[in-house]
Structures are given as C-alpha cells and as structure tokens.
>>> print(open('upload.txt').read())   # compact mmCIF, C-alpha atoms
# COMPACT_ATOMS: atom_id res chain seq x y z
CA PHE S 14 13.85 -19.82 0.20
CA ASN S 15 11.42 -19.15 -2.64
CA GLY S 16 10.68 -15.48 -3.18
CA ILE S 17 8.83 -14.14 -6.22
CA GLY S 18 9.62 -10.61 -7.39
CA MET S 19 6.14 -9.11 -6.97
CA TRP S 20 7.54 -6.11 -5.10
CA THR S 21 4.15 -4.37 -5.03
CA ARG S 22 2.91 -6.67 -2.27
CA PHE S 23 5.56 -5.43 0.17
CA PHE S 24 4.79 -1.71 0.03
CA PRO S 25 3.30 -0.50 3.33
CA ALA S 26 0.31 0.95 1.46
CA VAL S 27 -0.51 -2.47 0.01
CA GLU S 28 0.09 -4.20 3.34
CA GLN S 29 -2.35 -1.76 4.91
CA ALA S 30 -4.88 -2.37 2.14
CA ARG S 31 -4.65 -6.09 2.82
CA ARG S 32 -5.26 -5.57 6.54
CA LEU S 33 -8.21 -3.25 6.02
CA VAL S 34 -9.94 -5.39 3.38
CA ASN S 35 -9.00 -8.99 4.12
CA ASP S 36 -8.34 -9.02 7.85
CA GLU S 37 -10.52 -6.27 9.32
CA LYS S 38 -13.29 -6.52 6.66
CA LYS S 39 -13.72 -2.74 6.71
CA ILE S 40 -15.59 -2.65 3.40
CA GLY S 41 -17.56 -5.86 3.91
CA ASP S 42 -17.71 -8.70 1.40
CA ILE S 43 -15.75 -7.93 -1.76
CA CYS S 44 -17.82 -7.65 -4.93
CA GLN S 45 -15.49 -6.13 -7.54
CA VAL S 46 -11.88 -5.11 -8.16
CA PHE S 47 -10.81 -2.64 -10.84
CA SER S 48 -7.11 -2.36 -11.60
CA ASP S 49 -5.08 -0.94 -14.49
CA PHE S 50 -1.43 -0.65 -15.44
CA ASN S 51 -0.63 0.86 -18.82
CA PHE S 52 2.54 2.72 -19.74
CA ASN S 53 3.74 4.20 -23.03
CA ALA S 54 6.77 2.14 -24.02
CA ALA S 55 7.66 4.75 -26.62
CA ASP S 56 8.89 6.97 -23.77
CA SER S 57 11.94 4.79 -23.25
CA GLU S 58 11.95 1.81 -25.64
CA ASP S 59 12.99 1.70 -29.32
CA TYR S 60 10.60 -0.13 -31.61
CA PRO S 61 11.18 -2.89 -32.59
CA LYS S 62 14.71 -3.26 -31.15
CA SER S 63 13.82 -3.17 -27.46
CA PHE S 64 13.35 -6.43 -25.60
CA VAL S 65 9.79 -5.39 -24.72
CA TYR S 66 8.93 -6.12 -28.37
CA ASN S 67 11.03 -9.28 -28.61
CA HIS S 68 8.76 -12.32 -28.43
CA ASN S 69 11.63 -14.79 -27.95
CA LEU S 70 12.95 -12.82 -24.97
CA GLY S 71 9.60 -12.79 -23.20
CA GLY S 72 8.50 -9.39 -24.43
CA GLY S 73 4.89 -8.30 -24.63
CA ALA S 74 2.46 -6.65 -22.27
CA SER S 75 1.00 -9.89 -20.87
CA PHE S 76 4.39 -10.89 -19.45
CA LEU S 77 5.71 -7.45 -18.51
CA VAL S 78 2.62 -5.63 -17.25
CA ALA S 79 -0.42 -7.91 -16.83
CA PRO S 80 0.89 -9.67 -13.68
CA TYR S 81 0.41 -6.45 -11.70
CA PRO S 82 -3.35 -5.99 -12.15
CA LEU S 83 -3.78 -9.77 -11.92
CA ALA S 84 -1.99 -9.75 -8.57
CA ALA S 85 -4.22 -6.88 -7.46
CA ALA S 86 -7.24 -9.08 -8.16
CA THR S 87 -5.93 -12.19 -6.40
CA LEU S 88 -4.89 -10.10 -3.39
CA PHE S 89 -8.51 -9.29 -2.60
CA PHE S 90 -9.92 -12.69 -3.53
CA PRO S 91 -7.34 -14.59 -1.44
CA GLY S 92 -6.85 -18.30 -1.93
CA GLN S 93 -9.26 -18.45 -4.85
CA THR S 94 -8.80 -19.77 -8.37
CA PRO S 95 -10.80 -17.95 -11.07
CA GLU S 96 -13.69 -19.84 -12.62
CA SER S 97 -13.72 -17.78 -15.82
CA ILE S 98 -11.40 -15.37 -17.68
CA LYS S 99 -12.42 -13.37 -20.74
CA SER S 100 -9.79 -11.33 -22.57
CA VAL S 101 -9.51 -8.98 -25.54
CA GLY S 102 -6.52 -7.09 -26.87
CA GLN S 103 -4.16 -6.33 -29.72
CA ILE S 104 -1.09 -8.16 -31.01
CA ASP S 105 1.68 -6.49 -33.00
CA GLN S 106 1.78 -8.47 -36.24
CA ALA S 107 5.39 -7.53 -36.95
CA THR S 108 6.87 -8.75 -33.66
CA GLY S 109 4.20 -11.16 -32.40
CA VAL S 110 3.95 -9.59 -28.94
CA ASP S 111 0.71 -8.42 -27.38
CA LEU S 112 0.55 -4.65 -26.99
CA GLN S 113 -2.42 -4.25 -24.68
CA GLY S 114 -5.36 -6.10 -23.28
CA ALA S 115 -8.35 -6.00 -21.00
CA MET S 116 -9.90 -8.85 -19.09
CA VAL S 117 -12.79 -9.73 -16.86
CA VAL S 118 -12.14 -12.40 -14.24
CA SER S 119 -14.87 -14.19 -12.30
CA PHE S 120 -14.14 -15.70 -8.89
CA PRO S 121 -16.38 -18.45 -7.46
CA PRO S 122 -18.13 -18.29 -4.09
CA THR S 123 -16.38 -19.68 -1.04
CA SER S 124 -19.69 -20.74 0.54
CA ASP S 125 -23.08 -21.78 -0.79
CA VAL S 126 -24.90 -20.15 2.11
CA ALA S 127 -26.29 -16.76 1.07
CA PRO S 128 -26.70 -13.93 3.61
CA ALA S 129 -30.10 -13.67 5.24
CA LEU S 130 -32.17 -10.91 3.63
CA ASP S 131 -34.17 -9.92 6.69
CA ASP S 132 -33.74 -7.92 9.90
CA SER S 133 -31.55 -10.64 11.40
CA ASN S 134 -28.75 -9.66 9.00
CA THR S 135 -26.78 -6.72 10.39
CA GLU S 136 -23.70 -7.31 8.22
CA GLU S 137 -24.50 -7.57 4.50
CA ASN S 138 -27.31 -6.28 2.31
CA THR S 139 -26.82 -8.36 -0.81
CA PRO S 140 -27.88 -11.83 -2.00
CA LYS S 141 -24.40 -12.46 -3.45
CA LEU S 142 -22.79 -15.66 -2.21
CA PRO S 143 -19.75 -15.04 0.04
CA GLY S 144 -16.44 -14.82 -1.84
CA ALA S 145 -17.97 -14.52 -5.31
CA GLY S 146 -16.93 -11.53 -7.34
CA VAL S 147 -15.43 -10.13 -10.50
CA ALA S 148 -12.29 -8.22 -11.43
CA THR S 149 -12.03 -5.85 -14.40
CA LEU S 150 -8.40 -5.40 -15.38
CA SER S 151 -6.45 -3.46 -18.00
CA TYR S 152 -2.79 -3.62 -19.03
CA GLY S 153 -0.63 -2.44 -21.89
CA MET S 154 2.38 -0.58 -23.20
CA LEU S 155 0.78 1.81 -25.70
CA CYS S 156 -0.50 4.58 -23.43
CA GLU S 157 -0.33 5.77 -19.84
CA SER S 158 -3.35 5.03 -17.67
CA ALA S 159 -4.29 6.34 -14.23
CA GLU S 160 -2.84 3.15 -12.70
CA GLU S 161 -5.06 2.71 -9.68
CA THR S 162 -6.70 -0.22 -7.95
CA VAL S 163 -10.23 0.19 -6.61
CA VAL S 164 -11.72 -2.51 -4.38
CA ILE S 165 -15.49 -2.36 -3.90
CA GLY S 166 -17.27 -4.13 -1.08
CA THR S 167 -20.77 -4.18 0.36
CA LYS S 168 -19.82 -1.56 2.97
CA GLY S 169 -17.54 0.76 1.02
CA ARG S 170 -14.51 0.97 -1.26
CA LEU S 171 -10.75 1.19 -1.00
CA THR S 172 -8.56 2.96 -3.57
CA ILE S 173 -4.84 2.31 -3.95
CA ARG S 174 -3.64 5.46 -5.66
CA SER S 175 -1.24 5.90 -8.56
CA PRO S 176 1.28 4.50 -9.20
CA GLY S 177 -0.64 1.38 -8.24
CA HIS S 178 2.25 -1.06 -8.70
CA CYS S 179 4.44 0.90 -6.24
CA PRO S 180 2.00 3.02 -4.21
CA THR S 181 2.47 5.29 -1.23
CA ASN S 182 -1.16 6.41 -0.79
CA LEU S 183 -4.57 4.83 -0.35
CA SER S 184 -8.02 5.89 0.80
CA LEU S 185 -10.86 4.08 2.52
CA THR S 186 -14.42 5.29 1.95
CA LEU S 187 -17.25 3.75 3.97
CA LYS S 188 -20.74 3.63 2.54
CA GLY S 189 -23.40 5.82 4.12
CA GLU S 190 -27.16 5.38 4.33
CA GLY S 191 -28.76 5.29 0.89
CA ARG S 192 -27.40 5.25 -2.62
CA GLY S 193 -24.34 7.41 -3.32
CA ALA S 194 -23.82 8.52 0.29
CA ALA S 195 -20.43 8.26 1.96
CA ALA S 196 -20.19 8.02 5.73
CA SER S 197 -16.48 8.78 5.96
CA THR S 198 -13.18 8.75 4.07
CA VAL S 199 -9.77 8.08 5.61
CA GLU S 200 -6.52 8.79 3.76
CA TYR S 201 -3.30 6.86 4.37
CA GLU S 202 0.18 7.92 3.25
CA TYR S 203 3.51 6.12 3.59
CA GLN S 204 6.77 7.88 2.77
CA LEU S 205 9.44 6.00 0.81
CA PRO S 206 12.82 5.28 2.41
CA PRO S 207 15.17 8.25 1.83
CA ASP S 208 17.81 7.93 -0.85
CA THR S 209 21.30 7.12 0.39
CA GLU S 210 24.30 9.21 -0.58
CA GLU S 211 25.38 6.44 -2.95
CA ILE S 212 22.04 6.47 -4.76
CA ILE S 213 22.10 10.25 -5.08
CA ALA S 214 25.68 10.18 -6.38
CA ALA S 215 24.70 7.58 -8.98
CA GLY S 216 21.99 9.86 -10.34
CA GLY S 217 18.96 8.38 -8.62
CA TYR S 218 16.53 5.77 -9.89
CA PHE S 219 15.25 5.15 -13.40
CA TYR S 220 11.72 3.98 -12.52
CA PRO S 221 9.23 5.61 -10.10
CA ASN S 222 9.38 4.72 -6.40
CA SER S 223 12.22 2.24 -6.89
CA ALA S 224 13.31 2.89 -3.31
CA GLY S 225 10.40 0.62 -2.42
CA PHE S 226 12.45 -2.44 -3.38
CA ALA S 227 13.86 -2.10 0.14
CA TYR S 228 10.53 -3.34 1.53
CA GLU S 229 10.77 -6.64 -0.31
CA ALA S 230 14.44 -7.07 0.59
CA ALA S 231 13.68 -6.49 4.27
CA ALA S 232 10.76 -8.95 4.18
CA ALA S 233 12.94 -11.62 2.57
CA ALA S 234 15.59 -11.11 5.24
CA ARG S 235 12.98 -11.47 8.01
CA CYS S 236 11.59 -14.65 6.47
CA ILE S 237 14.99 -16.27 6.06
CA ALA S 238 15.97 -15.35 9.61
CA ALA S 239 12.74 -16.93 10.85
CA GLY S 240 13.32 -20.12 8.85
CA LYS S 241 10.40 -19.52 6.47
CA THR S 242 10.59 -20.89 2.94
CA GLU S 243 8.44 -18.20 1.28
CA PRO S 244 6.98 -14.79 2.11
CA PRO S 245 3.30 -14.71 3.13
CA GLN S 246 2.74 -11.58 1.03
CA TYR S 247 3.01 -13.55 -2.24
CA THR S 248 3.25 -17.32 -2.05
CA LEU S 249 4.24 -19.88 -4.65
CA ALA S 250 0.64 -21.12 -4.79
CA GLU S 251 -0.63 -17.65 -5.66
CA THR S 252 2.18 -17.20 -8.19
CA LEU S 253 1.03 -20.34 -9.97
CA VAL S 254 -2.56 -19.05 -10.06
CA THR S 255 -1.36 -15.78 -11.60
CA SER S 256 0.85 -17.62 -14.10
CA THR S 257 -2.09 -19.78 -15.16
CA MET S 258 -4.14 -16.62 -15.69
CA VAL S 259 -1.40 -15.10 -17.87
CA ASP S 260 -1.30 -18.26 -19.96
CA ALA S 261 -5.08 -18.13 -20.40
CA ILE S 262 -4.91 -14.50 -21.52
CA ARG S 263 -2.16 -15.16 -24.05
CA SER S 264 -4.00 -18.19 -25.42
CA GLU S 265 -7.25 -16.27 -25.84
CA LEU S 266 -5.48 -13.36 -27.55
CA GLY S 267 -3.59 -15.72 -29.85
CA VAL S 268 -0.06 -14.95 -28.69
CA LYS S 269 2.26 -17.73 -29.82
CA SER S 270 3.97 -19.80 -27.13
CA LEU S 271 7.67 -19.30 -26.47
>>> encode(input="upload.txt", output="structure tokens")
Amino acid sequence: FNGIGMWTRFFPAVEQARRLVNDEKKIGDICQVFSDFNFNAADSEDYPKSFVYNHNLGGGASFLVAPYPLAAATLFFPGQTPESIKSVGQIDQATGVDLQGAMVVSFPPTSDVAPALDDSNTEENTPKLPGAGVATLSYGMLCESAEETVVIGTKGRLTIRSPGHCPTNLSLTLKGEGRGAAASTVEYEYQLPPDTEEIIAAGGYFYPNSAGFAYEAAAAARCIAAGKTEPPQYTLAETLVTSTMVDAIRSELGVKSL
C-alpha cells in the first residue's frame, strides 16, 4: 500500500469541496484557484537551530509548506500537469533555505473545442477552453496568512476556510445575473472527532485540528481492507506532479539541491 501523508485531502470539508466542484460541477468550469499557507516560524522555532532552517535536513518553506497550496491547485485541476510555473521568493543567505515564495501556475486545456457563444449554450458564458486555468499560490514561514483556498468557476466560487490545510468549514456561492450578483450561498461545517481521554490526559495536540489525522488513518484502513494499493484522494501520480512543481519552484528561486 502506497499512502502519501497529504492529510488535508481526507478532511470531510475537502472531500465535500471535491464533490461539489469536480463531480457535481456546481460552479461550472474552473478558471482560477487562489491558495495560501504562511505561518510565522518564530512562534515555535529557534533560528537558526531548528530543522526548519536546516537545508541538509530538508528545511525551507518549499518543502515544508508549499506542497499544501500546490495540492489545493491540483485538486481542482485533476489529472493535469502544469504547462508553466513562475515563482518568486526569498532565500535566507545564512542557512540556504527559502523563507517564502509566491507562484503562478498555468494549466493547459483538456479539450480544443471552445464553448459555443450563442443561445445554444446554456452552460458556460466564456470563450475559455475547457480545463484551462491558472492558480495563484503563496507559501512561507515568515508571517501568518489567512490560509484559505478560493476556487473560482464560471458559475460561482467555493471557499475552503481557514485553516485551509486542515479545514472544517467551506462555503459555496453561486453567481447571480449580472456582474457582482450572488444568487445564493451555502455554508458547510464538519466537526472534528472528539478528543479521547488519553489525548486530554497527554495535554492535547500541538498543531491545530490534529484530530483530523483520524480521517486519513480511517481512509488507509478502508483501502487496505478493500485491496487497494493507494488512496483515491491523493494518488502517487498526483504526488509526482506536485513533487515536480516543488523542484521547479526551488530551481527558479535558486535553492541549492540536497
């Protein structure tokens, strides 16, 4: 069994986002994804002693934080490999790790047949080729961002609320008639599993919403029991796409290889 530790994908809020956007097409054809994950490492990590600043131990924001917004982008452009990645950011000269970065990722169309732009088209109102879109992503360990993911489609938008890498809330807003009008907004909330007596006695968790690891553990157990070799929520193929994107970011920023 091959299971990658992208625990975000197993939260019920993210599973629901996938269903609404990818399966039910509630917000139409996806045009853009915005996702950020920045935390202030100074809250808990000593500079430069902490491993997060140790280049040889895999420290740096591109390894520790960037995979989350990247996975948010690939979730809503499923099965696609980016055609272009542009990155900017800062590297700590003393330790050699990247401290923060921002990137724009372009995804190619999945079809060369554009929607009809006449009365016969009751679905889309854009000349964009199906599947084509962009993602604007931010990551870092210098400051604390809102940490949300916003998915924008031709018929509305979906927002996965903070903390976006382990969320319990999301909202779906459908576009109304005319610019800036909203037809409706639906809120979704999913409570975390309650803490056991053992967890409470141990003093609780260190990181937010850590009880959500139970979702990934349960999914792995179901897959193994069913004879599956990987979870559908985050496959090896998608992991390799994300890893290639991380490598491209580090190369463009000038982070030295391990």
>>> closest_residue(input="upload.txt", among="S:Ala233, S:Leu171, S:Leu83, S:Ala238", to="Arg32 in chain S", atoms="all atoms listed in the file")
S:Leu171
>>> atom_distance(input="upload.txt", atom1="CA of Glu161 in chain S", atom2="CA of Gly177 in chain S")
4.8 Å
>>> atom_distance(input="upload.txt", atom1="CA of Tyr203 in chain S", atom2="CA of Gly146 in chain S")
29.1 Å
>>> residues_around(input="upload.txt", residues="Met154 in chain S", least_positions_apart="3", cutoff="12 Å", atoms="all atoms listed in the file", output="number ranges by chain")
S: 49-58, 60, 65-66, 72-79, 102-105, 110-114, 151, 157-158
>>> residues_near_point(input="upload.txt", point="(-0.9, -18.0, -27.7)", cutoff="12 Å", atoms="all atoms listed in the file", output="PyMOL selection string")
chain S and resi 68+73+75+104+109-111+259-271
>>> write_last_selection(input="upload.txt", atoms="C-alpha atoms", output="CSV table (one decimal), in the coordinates of the input")
chain,number,residue,atom,x,y,z
S,68,HIS,CA,8.8,-12.3,-28.4
S,73,GLY,CA,4.9,-8.3,-24.6
S,75,SER,CA,1.0,-9.9,-20.9
S,104,ILE,CA,-1.1,-8.2,-31.0
S,109,GLY,CA,4.2,-11.2,-32.4
S,110,VAL,CA,4.0,-9.6,-28.9
S,111,ASP,CA,0.7,-8.4,-27.4
S,259,VAL,CA,-1.4,-15.1,-17.9
S,260,ASP,CA,-1.3,-18.3,-20.0
S,261,ALA,CA,-5.1,-18.1,-20.4
S,262,ILE,CA,-4.9,-14.5,-21.5
S,263,ARG,CA,-2.2,-15.2,-24.0
S,264,SER,CA,-4.0,-18.2,-25.4
S,265,GLU,CA,-7.2,-16.3,-25.8
S,266,LEU,CA,-5.5,-13.4,-27.6
S,267,GLY,CA,-3.6,-15.7,-29.8
S,268,VAL,CA,-0.1,-15.0,-28.7
S,269,LYS,CA,2.3,-17.7,-29.8
S,270,SER,CA,4.0,-19.8,-27.1
S,271,LEU,CA,7.7,-19.3,-26.5
>>> closest_residue(input="upload.txt", among="S:Gln45, S:Ser100, S:Thr198, S:Ser184", to="Ala145 in chain S", atoms="all atoms listed in the file")
S:Gln45
>>> residues_around(input="upload.txt", residues="Tyr247 in chain S", least_positions_apart="4", cutoff="9 Å", atoms="all atoms listed in the file", output="MDAnalysis selection string")
chainID S and resid 16:19 22:23 84 88 243 251:252
>>> atom_distance(input="upload.txt", atom1="CA of Ala26 in chain S", atom2="CA of Leu142 in chain S")
28.7 Å
>>> residues_around(input="upload.txt", residues="Pro221 in chain S", least_positions_apart="5", cutoff="12 Å", atoms="all atoms listed in the file", output="number ranges by chain")
S: 175-181, 205, 226
>>> decode(input="upload.txt", residues="range 27-41 of chain S", atoms="all heavy atoms", output="CSV table (one decimal), in the first residue's frame")
chain,number,residue,atom,x,y,z
S,27,VAL,N,-12.8,19.0,2.7
S,27,VAL,CA,-12.1,18.9,1.4
S,27,VAL,C,-12.8,17.9,0.5
S,27,VAL,O,-12.9,18.1,-0.7
S,27,VAL,CB,-10.6,18.6,1.6
S,27,VAL,CG1,-9.9,18.5,0.3
S,27,VAL,CG2,-10.0,19.7,2.4
S,28,GLU,N,-13.2,16.8,1.1
S,28,GLU,CA,-13.9,15.8,0.3
S,28,GLU,C,-15.2,16.4,-0.3
S,28,GLU,O,-15.6,16.1,-1.4
S,28,GLU,CB,-14.3,14.6,1.2
S,28,GLU,CG,-13.1,13.8,1.8
S,28,GLU,CD,-12.7,12.7,0.9
S,28,GLU,OE1,-12.7,12.8,-0.4
S,28,GLU,OE2,-12.3,11.6,1.4
S,29,GLN,N,-15.9,17.2,0.5
S,29,GLN,CA,-17.1,17.8,0.0
S,29,GLN,C,-16.8,18.8,-1.0
S,29,GLN,O,-17.5,18.9,-2.1
S,29,GLN,CB,-17.9,18.5,1.2
S,29,GLN,CG,-19.1,19.3,0.8
S,29,GLN,CD,-20.3,18.4,0.4
S,29,GLN,OE1,-20.1,17.3,-0.1
S,29,GLN,NE2,-21.5,19.0,0.5
S,30,ALA,N,-15.7,19.6,-0.9
S,30,ALA,CA,-15.3,20.5,-1.9
S,30,ALA,C,-15.0,19.8,-3.2
S,30,ALA,O,-15.4,20.3,-4.3
S,30,ALA,CB,-14.1,21.3,-1.4
S,31,ARG,N,-14.4,18.7,-3.1
S,31,ARG,CA,-14.1,17.9,-4.4
S,31,ARG,C,-15.4,17.5,-5.0
S,31,ARG,O,-15.5,17.6,-6.3
S,31,ARG,CB,-13.3,16.6,-4.0
S,31,ARG,CG,-12.9,15.8,-5.2
S,31,ARG,CD,-12.7,14.3,-4.8
S,31,ARG,NE,-11.6,14.2,-3.8
S,31,ARG,CZ,-10.3,14.0,-4.2
S,31,ARG,NH1,-9.9,14.0,-5.4
S,31,ARG,NH2,-9.4,13.9,-3.2
S,32,ARG,N,-16.4,17.0,-4.3
S,32,ARG,CA,-17.6,16.6,-4.8
S,32,ARG,C,-18.4,17.7,-5.5
S,32,ARG,O,-18.9,17.6,-6.6
S,32,ARG,CB,-18.5,15.9,-3.7
S,32,ARG,CG,-18.1,14.5,-3.3
S,32,ARG,CD,-19.2,13.9,-2.4
S,32,ARG,NE,-19.3,14.6,-1.1
S,32,ARG,CZ,-18.6,14.2,-0.1
S,32,ARG,NH1,-17.7,13.2,-0.2
S,32,ARG,NH2,-18.7,14.8,1.1
S,33,LEU,N,-18.4,18.8,-4.8
S,33,LEU,CA,-19.2,20.0,-5.3
S,33,LEU,C,-18.5,20.5,-6.6
S,33,LEU,O,-19.3,20.9,-7.6
S,33,LEU,CB,-19.2,21.1,-4.3
S,33,LEU,CG,-20.1,20.8,-3.0
S,33,LEU,CD1,-19.8,21.9,-2.0
S,33,LEU,CD2,-21.5,20.7,-3.4
S,34,VAL,N,-17.2,20.6,-6.6
S,34,VAL,CA,-16.5,21.2,-7.8
S,34,VAL,C,-16.3,20.3,-8.9
S,34,VAL,O,-16.6,20.5,-10.1
S,34,VAL,CB,-15.2,21.9,-7.3
S,34,VAL,CG1,-14.4,22.4,-8.5
S,34,VAL,CG2,-15.5,23.0,-6.3
S,35,ASN,N,-15.6,19.1,-8.6
S,35,ASN,CA,-15.2,18.2,-9.6
S,35,ASN,C,-16.3,17.3,-10.1
S,35,ASN,O,-16.4,17.0,-11.3
S,35,ASN,CB,-14.0,17.4,-9.1
S,35,ASN,CG,-12.8,18.2,-8.8
S,35,ASN,OD1,-12.8,19.4,-9.1
S,35,ASN,ND2,-11.7,17.6,-8.3
S,36,ASP,N,-17.1,16.8,-9.2
S,36,ASP,CA,-18.1,15.8,-9.5
S,36,ASP,C,-19.4,16.4,-10.0
S,36,ASP,O,-20.0,16.1,-11.0
S,36,ASP,CB,-18.4,14.8,-8.4
S,36,ASP,CG,-17.1,14.0,-8.0
S,36,ASP,OD1,-16.2,13.9,-8.8
S,36,ASP,OD2,-17.0,13.6,-6.9
S,37,GLU,N,-19.9,17.3,-9.2
S,37,GLU,CA,-21.3,17.9,-9.4
S,37,GLU,C,-21.2,19.2,-10.3
S,37,GLU,O,-22.2,19.7,-10.7
S,37,GLU,CB,-22.0,18.2,-8.1
S,37,GLU,CG,-22.2,16.9,-7.3
S,37,GLU,CD,-22.8,17.2,-5.9
S,37,GLU,OE1,-23.4,18.3,-5.7
S,37,GLU,OE2,-22.8,16.3,-5.0
S,38,LYS,N,-20.0,19.7,-10.5
S,38,LYS,CA,-19.8,20.9,-11.3
S,38,LYS,C,-20.6,22.1,-10.9
S,38,LYS,O,-21.2,22.8,-11.7
S,38,LYS,CB,-20.1,20.6,-12.8
S,38,LYS,CG,-19.4,19.3,-13.3
S,38,LYS,CD,-17.9,19.5,-13.4
S,38,LYS,CE,-17.3,18.2,-14.0
S,38,LYS,NZ,-15.8,18.3,-14.0
S,39,LYS,N,-20.8,22.3,-9.6
S,39,LYS,CA,-21.7,23.3,-9.1
S,39,LYS,C,-21.2,24.7,-9.5
S,39,LYS,O,-22.1,25.6,-9.6
S,39,LYS,CB,-21.7,23.2,-7.5
S,39,LYS,CG,-22.4,22.0,-7.0
S,39,LYS,CD,-23.9,22.0,-7.2
S,39,LYS,CE,-24.6,20.9,-6.5
S,39,LYS,NZ,-26.1,20.9,-6.7
S,40,ILE,N,-19.9,24.9,-9.6
S,40,ILE,CA,-19.5,26.3,-10.0
S,40,ILE,C,-19.0,26.3,-11.4
S,40,ILE,O,-18.2,27.2,-11.8
S,40,ILE,CB,-18.4,26.8,-9.0
S,40,ILE,CG1,-17.2,25.9,-9.0
S,40,ILE,CG2,-19.0,27.0,-7.6
S,40,ILE,CD1,-16.1,26.5,-8.1
S,41,GLY,N,-19.4,25.4,-12.3
S,41,GLY,CA,-19.1,25.4,-13.7
S,41,GLY,C,-17.6,25.0,-14.0
S,41,GLY,O,-17.0,24.2,-13.2
